[in-house]
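Heads up, the thing below is written out as structure tokens.
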Amino acid sequence: MRTYLSVALSAVLLLLLAVLVPVSAASAWVDLELDDTDRYLAAVSPLASDEDVQNTVATLVTDEAMKNIDVGPLQETVERFLHDTALSFTTTEAFQRAWDSANRTAHRAVTASLHGDDGRAVTIDLAPVIEEVKKELVSSGVPFADQIPVQETSITVLPADRADDLRDSFRWLRYCSVWPAVGTVVLLVLVLGLSLVRGGLRAGLTTAAVVGGGLVLGAALLRIAVAVGRDRVLDEVPGTDRDGAAAVYDALTASLRTTAWVVLLVGAVLVVGSLVGRVVAARHSRGPGGDGVTRPATGRPPA
């Protein structure tokens with residue numbers, strides 16, 4: 001009976017950790033990174049040097065400009081020239097400043113959209129970036145640069161339908177904040193401590209193996225959830241925005257992927273360590289004779 005109860009409790013602990021790990025990581029991520037402007041900017045600022053983002057911005061600038069330009073047979077040549085020039089600008093410090101400014105403004109829209117009921121898509125307005133591009137190209141004497149319109153031109157990061165689906169989840173995660181993570185740590189400390197105190201080293205090692213298995217399973221579920229979320233979000237993003245949206249999604253979820261790997265490593269160490277510990281403890285308990293009997297010395301001198 002005691003054995004069955006122990007197995008049942010181990011199964012419950014394993015499943016509980018498998019659920020708590022992804023929930024804890026996601027709620028802490030929403031509260032500490034997605035809702036925090038400085039951390040949000042720290043995540044997306046490096047994207048100014050990302051090739052997909054640079055190409056998306058250059059393409060948007062070129063497409064908007066070509067709506068106002070008609071040079072007949074030279075249309076494709078002018079379009080290619082403007083795109084290459086805009087793409088070159090995306091490698092400058094001025095573009096980095098414009099990108100940061102646009103994302104600081106975008107963060108307010110992102111949080112308002114995810115936590116509100118406006119039914120709008122989550123987007124990054126590139127108008128400030130386009131304005132800087134236009135100023136730079138005009139000052140450099142680039143032909144037709146003055147015809148680039150400065151208006152709201154956005155990268156869709158999360159379509160309206162997908163944003164509506166996720167709002168309830170984001171509200172719940174935001175409300176939970178870091179407390180699921182704190183509760184998970186407290187649970188682990190209590191479970192491991194009680195098993196050591198009440199059952200000794202062998203029970204403690206068994207519990208550590210179960211905890212490790214739960215952490216590994218939870219980390220795997222977290223990593224799968226991030227990958228599935230990426231596919232579902234990008235499936236509904238317009239094709240012209242998909243590369244840029246993918247880069248933004250990957251940047252914002254980088255900490256979740258790192259958390260998954262760290263938790264997976266900790267879990268694996270616990271599992272392997274507990275197995276090694278049990279082997280060492282078993283050998284030690286068998287004594288020098290290897291059969292569990294410690295034999296006294298005979299006192300005879302060696303032959």
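If you're wondering about the labels, chains in the structure tokens are A, B, ... by order shown, residues count from 1 in each chain, ligands from 1 in order shown.
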
Could you pull the residues within 10 Å of Thr253 of chain A, counting only C-alpha atoms, minus those fewer than 2 positions along the same chain, as a compact mmCIF listing (two decimals) with all heavy atoms, in the first residue's frame?
```txt
# COMPACT_ATOMS: atom_id res chain seq x y z
N ALA A 26 5.92 31.61 -18.50
CA ALA A 26 5.12 32.52 -19.32
C ALA A 26 4.60 33.70 -18.52
O ALA A 26 4.62 34.85 -18.98
CB ALA A 26 3.94 31.76 -19.94
N TRP A 29 7.41 36.04 -17.79
CA TRP A 29 7.79 36.71 -19.04
C TRP A 29 6.88 37.88 -19.36
O TRP A 29 7.33 38.97 -19.70
CB TRP A 29 7.77 35.68 -20.16
CG TRP A 29 7.96 36.24 -21.53
CD1 TRP A 29 9.09 36.77 -22.08
CD2 TRP A 29 6.96 36.29 -22.57
NE1 TRP A 29 8.86 37.16 -23.38
CE2 TRP A 29 7.57 36.88 -23.70
CE3 TRP A 29 5.61 35.91 -22.64
CZ2 TRP A 29 6.87 37.09 -24.90
CZ3 TRP A 29 4.93 36.11 -23.82
CH2 TRP A 29 5.56 36.70 -24.93
N GLU A 33 9.00 41.17 -18.78
CA GLU A 33 9.59 41.58 -20.06
C GLU A 33 8.57 42.25 -20.97
O GLU A 33 8.79 43.36 -21.43
CB GLU A 33 10.22 40.39 -20.77
CG GLU A 33 10.89 40.76 -22.08
CD GLU A 33 11.81 39.67 -22.60
OE1 GLU A 33 12.42 38.97 -21.78
OE2 GLU A 33 11.90 39.52 -23.83
N LEU A 34 7.47 41.57 -21.24
CA LEU A 34 6.53 42.11 -22.21
C LEU A 34 5.86 43.39 -21.71
O LEU A 34 5.56 44.28 -22.50
CB LEU A 34 5.46 41.06 -22.53
CG LEU A 34 4.76 41.21 -23.87
CD1 LEU A 34 5.75 41.14 -25.02
CD2 LEU A 34 3.69 40.15 -24.04
N ALA A 43 15.05 43.85 -25.85
CA ALA A 43 14.86 42.64 -26.65
C ALA A 43 14.79 42.95 -28.14
O ALA A 43 15.35 42.22 -28.96
CB ALA A 43 13.58 41.92 -26.21
N VAL A 226 6.27 27.55 -27.27
CA VAL A 226 6.85 28.71 -27.96
C VAL A 226 6.88 28.46 -29.47
O VAL A 226 6.55 29.36 -30.26
CB VAL A 226 8.28 29.00 -27.43
CG1 VAL A 226 8.95 30.07 -28.27
CG2 VAL A 226 8.22 29.44 -25.98
N ALA A 227 7.26 27.26 -29.88
CA ALA A 227 7.33 26.94 -31.31
C ALA A 227 5.95 26.92 -31.95
O ALA A 227 5.75 27.46 -33.05
CB ALA A 227 8.02 25.59 -31.49
N ARG A 230 4.62 30.42 -32.31
CA ARG A 230 5.27 31.11 -33.43
C ARG A 230 4.57 30.76 -34.75
O ARG A 230 4.26 31.64 -35.56
CB ARG A 230 6.74 30.72 -33.50
CG ARG A 230 7.56 31.46 -34.55
CD ARG A 230 8.99 30.91 -34.55
NE ARG A 230 9.90 31.76 -35.29
CZ ARG A 230 10.10 31.71 -36.59
NH1 ARG A 230 9.41 30.82 -37.30
NH2 ARG A 230 10.96 32.50 -37.18
N VAL A 248 10.78 39.72 -34.81
CA VAL A 248 10.29 40.33 -33.57
C VAL A 248 9.84 39.25 -32.59
O VAL A 248 10.15 39.30 -31.39
CB VAL A 248 9.13 41.31 -33.87
CG1 VAL A 248 8.48 41.79 -32.57
CG2 VAL A 248 9.64 42.51 -34.67
N TYR A 249 9.08 38.26 -33.08
CA TYR A 249 8.60 37.18 -32.21
C TYR A 249 9.78 36.44 -31.58
O TYR A 249 9.78 36.16 -30.37
CB TYR A 249 7.74 36.21 -33.02
CG TYR A 249 7.13 35.10 -32.19
CD1 TYR A 249 5.86 35.25 -31.64
CD2 TYR A 249 7.82 33.92 -31.95
CE1 TYR A 249 5.29 34.24 -30.88
CE2 TYR A 249 7.27 32.91 -31.19
CZ TYR A 249 6.00 33.07 -30.65
OH TYR A 249 5.45 32.07 -29.88
N ASP A 250 10.78 36.12 -32.39
CA ASP A 250 11.94 35.38 -31.88
C ASP A 250 12.70 36.20 -30.84
O ASP A 250 13.21 35.66 -29.86
CB ASP A 250 12.86 34.99 -33.03
CG ASP A 250 12.26 33.93 -33.93
OD1 ASP A 250 11.31 33.24 -33.48
OD2 ASP A 250 12.72 33.79 -35.08
N ALA A 251 12.81 37.51 -31.08
CA ALA A 251 13.52 38.37 -30.13
C ALA A 251 12.78 38.45 -28.80
O ALA A 251 13.38 38.37 -27.73
CB ALA A 251 13.70 39.77 -30.72
N SER A 255 14.03 34.93 -24.24
CA SER A 255 14.20 34.61 -22.82
C SER A 255 13.44 33.35 -22.44
O SER A 255 13.87 32.58 -21.57
CB SER A 255 13.75 35.78 -21.95
OG SER A 255 12.38 36.07 -22.17
N LEU A 256 12.28 33.11 -23.09
CA LEU A 256 11.53 31.89 -22.82
C LEU A 256 12.29 30.66 -23.30
O LEU A 256 12.33 29.63 -22.62
CB LEU A 256 10.16 31.95 -23.51
CG LEU A 256 9.11 32.85 -22.87
CD1 LEU A 256 7.84 32.85 -23.72
CD2 LEU A 256 8.79 32.41 -21.44
N ARG A 257 12.91 30.77 -24.46
CA ARG A 257 13.70 29.64 -24.97
C ARG A 257 14.91 29.38 -24.09
O ARG A 257 15.26 28.23 -23.82
CB ARG A 257 14.13 29.91 -26.42
CG ARG A 257 12.97 30.00 -27.40
CD ARG A 257 13.44 29.90 -28.85
NE ARG A 257 14.41 30.95 -29.16
CZ ARG A 257 14.07 32.17 -29.57
NH1 ARG A 257 12.80 32.51 -29.67
NH2 ARG A 257 15.01 33.06 -29.86
N THR A 258 15.54 30.46 -23.61
CA THR A 258 16.68 30.30 -22.70
C THR A 258 16.24 29.64 -21.40
O THR A 258 16.91 28.74 -20.88
CB THR A 258 17.32 31.67 -22.40
OG1 THR A 258 17.77 32.25 -23.63
CG2 THR A 258 18.48 31.52 -21.44
N THR A 259 15.08 30.08 -20.88
CA THR A 259 14.54 29.48 -19.65
C THR A 259 14.29 27.99 -19.84
O THR A 259 14.60 27.17 -18.95
CB THR A 259 13.23 30.18 -19.26
OG1 THR A 259 13.49 31.56 -18.99
CG2 THR A 259 12.62 29.54 -18.01
```

Need to verify the contact set: segment 67-72 of chain A, 8 Å, only C-alpha atoms, exclusion of same-chain residues closer than 2 positions in sequence. Can you return it as a list of chain:residue names?
A:Asp63, A:Glu64, A:Ala65, A:Leu74, A:Gln75, A:Phe144, A:Gln147, A:Ile148

Find the spatial neighbours of segment 105-114 of chain A, counting only C-alpha atoms, within a cut-off of 9 Å - ignore same-chain residues fewer than 5 positions away - and output them as an MDAnalysis selection string.
chainID A and resid 34:37 40:41 100 119:125 163:164 166:168 170:171

Save the residues we just selected, C-alpha atoms, as an mmCIF file, in the first residue's frame?
```
data_model
loop_
_atom_site.group_PDB
_atom_site.id
_atom_site.type_symbol
_atom_site.label_atom_id
_atom_site.label_comp_id
_atom_site.auth_asym_id
_atom_site.auth_seq_id
_atom_site.Cartn_x
_atom_site.Cartn_y
_atom_site.Cartn_z
ATOM 1 C CA LEU A 34 6.527 42.108 -22.207
ATOM 2 C CA ASP A 35 4.980 44.671 -19.850
ATOM 3 C CA ASP A 36 8.270 46.453 -19.103
ATOM 4 C CA THR A 37 9.243 49.093 -21.679
ATOM 5 C CA TYR A 40 10.968 45.188 -24.291
ATOM 6 C CA LEU A 41 13.307 47.656 -25.975
ATOM 7 C CA ASP A 100 14.281 52.408 -31.028
ATOM 8 C CA GLY A 119 -10.002 44.199 -31.375
ATOM 9 C CA ARG A 120 -7.019 45.574 -33.278
ATOM 10 C CA ALA A 121 -3.906 43.860 -34.550
ATOM 11 C CA VAL A 122 -0.587 44.368 -32.758
ATOM 12 C CA THR A 123 1.637 46.385 -35.081
ATOM 13 C CA ILE A 124 4.850 48.423 -35.147
ATOM 14 C CA ASP A 125 4.309 51.773 -36.868
ATOM 15 C CA ALA A 163 -4.689 38.964 -30.583
ATOM 16 C CA ASP A 164 -8.335 38.503 -29.594
ATOM 17 C CA LEU A 166 -4.703 35.564 -26.672
ATOM 18 C CA ARG A 167 -6.039 38.513 -24.656
ATOM 19 C CA ASP A 168 -7.670 36.430 -21.922
ATOM 20 C CA PHE A 170 -2.309 37.467 -21.320
ATOM 21 C CA ARG A 171 -4.576 39.038 -18.702
#
```

Please provide the set of residues having any atom within 12 Å of Ala25 of chain A, restricted to only C-alpha atoms, with same-chain residues fewer than 5 positions apart removed, written as a VMD selection string.
chain A and resid 17 to 20 30 to 33 173 to 174 176 to 184 215 218 to 219 221 to 223 225 to 226 253 to 263

What lies within 8 Å of Ser274 of chain A using only C-alpha atoms, ignoring chain neighbours under 2 positions off, as a count of residues only?
10

Counting only C-alpha atoms, which of A:Val53, A:Ala127, A:Ile224, A:Ala246 gets nearest to Thr91 of chain A?
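Counting only C-alpha atoms, the residue closest to Thr91 of chain A is A:Val53.
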
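Summary of the local environment: counting only C-alpha atoms, residues at most 6 Å from segment 78-85 of chain A, other than itself and those fewer than 2 positions away along its chain, are A:Ala58, A:Thr62, A:Gln75, A:Glu76, A:Leu87, A:Ser88.
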
Please run DSSP on the backbone and report, as a short mmCIF file (atom, residue, chain, number, x, y, z; two decimals) with C-alpha atoms, in the first residue's frame, all residues within segment 73-200 of chain A that come out as alpha helix (DSSP H).
```cif
data_model
loop_
_atom_site.label_atom_id
_atom_site.label_comp_id
_atom_site.auth_asym_id
_atom_site.auth_seq_id
_atom_site.Cartn_x
_atom_site.Cartn_y
_atom_site.Cartn_z
CA GLN A 75 10.24 52.22 -63.18
CA GLU A 76 12.00 49.00 -62.23
CA THR A 77 15.42 50.65 -62.29
CA VAL A 78 14.28 53.46 -60.00
CA GLU A 79 12.54 50.99 -57.70
CA ARG A 80 15.68 48.86 -57.41
CA PHE A 81 17.81 51.96 -56.80
CA LEU A 82 15.52 53.26 -54.04
CA HIS A 83 15.40 49.85 -52.37
CA ASP A 84 19.19 49.49 -52.36
CA THR A 85 19.61 53.03 -51.03
CA ALA A 86 17.01 52.52 -48.28
CA LEU A 87 18.60 49.18 -47.40
CA SER A 88 21.98 50.89 -47.09
CA PHE A 89 20.48 53.43 -44.69
CA GLU A 93 23.16 54.72 -36.40
CA ALA A 94 20.36 57.05 -37.49
CA PHE A 95 18.26 54.02 -38.40
CA GLN A 96 19.02 52.44 -35.01
CA ARG A 97 17.76 55.57 -33.24
CA ALA A 98 14.64 55.68 -35.40
CA TRP A 99 13.99 51.98 -34.80
CA ASP A 100 14.28 52.41 -31.03
CA SER A 101 11.96 55.42 -31.11
CA ALA A 102 9.38 53.53 -33.17
CA ASN A 103 9.48 50.55 -30.80
CA ARG A 104 9.16 52.70 -27.69
CA THR A 105 5.93 54.04 -29.14
CA ALA A 106 4.94 50.57 -30.35
CA HIS A 107 5.32 49.09 -26.87
CA ARG A 108 2.47 51.22 -25.57
CA ALA A 109 0.30 50.01 -28.45
CA VAL A 110 1.32 46.41 -27.85
CA THR A 111 0.42 46.44 -24.15
CA ALA A 112 -2.82 48.34 -24.83
CA SER A 113 -3.82 45.86 -27.51
CA LEU A 114 -3.00 42.74 -25.51
CA HIS A 115 -4.67 43.95 -22.32
CA ALA A 127 6.37 56.12 -39.84
CA PRO A 128 9.19 57.53 -37.62
CA VAL A 129 11.65 55.19 -39.34
CA ILE A 130 10.43 56.17 -42.81
CA GLU A 131 10.71 59.84 -41.89
CA GLU A 132 14.36 59.38 -40.95
CA VAL A 133 14.99 57.40 -44.14
CA LYS A 134 13.43 60.16 -46.22
CA LYS A 135 15.48 62.90 -44.51
CA GLU A 136 18.69 60.98 -45.06
CA LEU A 137 17.97 60.23 -48.72
CA VAL A 138 16.87 63.80 -49.48
CA SER A 139 19.96 65.27 -47.81
CA ALA A 160 -6.36 40.99 -34.87
CA ASP A 161 -7.98 37.55 -34.69
CA ARG A 162 -4.96 36.01 -32.97
CA ALA A 163 -4.69 38.96 -30.58
CA ASP A 164 -8.33 38.50 -29.59
CA ASP A 165 -7.68 34.81 -28.92
CA LEU A 166 -4.70 35.56 -26.67
CA ARG A 167 -6.04 38.51 -24.66
CA ASP A 168 -7.67 36.43 -21.92
CA SER A 169 -4.51 34.36 -21.56
CA PHE A 170 -2.31 37.47 -21.32
CA ARG A 171 -4.58 39.04 -18.70
CA TRP A 172 -4.44 35.88 -16.62
CA LEU A 173 -0.67 35.58 -16.94
CA ARG A 174 -0.22 39.25 -16.09
CA TYR A 175 -2.37 38.81 -12.98
CA CYS A 176 -0.34 35.78 -11.86
CA TRP A 179 4.04 34.08 -8.14
CA PRO A 180 3.73 30.75 -9.99
CA ALA A 181 7.54 30.73 -10.34
CA VAL A 182 7.96 31.53 -6.64
CA GLY A 183 5.44 28.83 -5.74
CA THR A 184 7.26 26.29 -7.91
CA VAL A 185 10.59 26.96 -6.16
CA VAL A 186 8.97 26.77 -2.72
CA LEU A 187 7.26 23.49 -3.68
CA LEU A 188 10.56 21.97 -4.81
CA VAL A 189 12.36 22.99 -1.63
CA LEU A 190 9.58 21.62 0.59
CA VAL A 191 9.23 18.33 -1.29
CA LEU A 192 12.96 17.63 -1.39
CA GLY A 193 13.43 18.71 2.23
CA LEU A 194 10.58 16.59 3.56
CA SER A 195 11.67 13.52 1.62
CA LEU A 196 15.20 13.81 3.03
CA VAL A 197 14.02 14.36 6.60
CA ARG A 198 11.35 11.67 6.64
CA GLY A 199 12.81 9.06 4.30
CA GLY A 200 16.54 9.61 4.42
#
```

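For the atom pair formed by atom CA of Val210 of chain A and atom CA of Leu13 of chain A, the distance is 7.4 Å, given to one decimal.
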
Between atom CA of Val216 of chain A and atom CA of Leu158 of chain A, measure the distance and give it in Å to one decimal.
29.8 Å

Pick from A:Val150, A:Val21, A:Thr90, A:Pro143: nearest to Thr56 of chain A, with only C-alpha atoms counted?
A:Thr90

Distance in Å - atom CA of Ile155 of chain A versus atom CA of Asp241 of chain A:
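Between atom CA of Ile155 of chain A and atom CA of Asp241 of chain A the gap is 5.6 Å.
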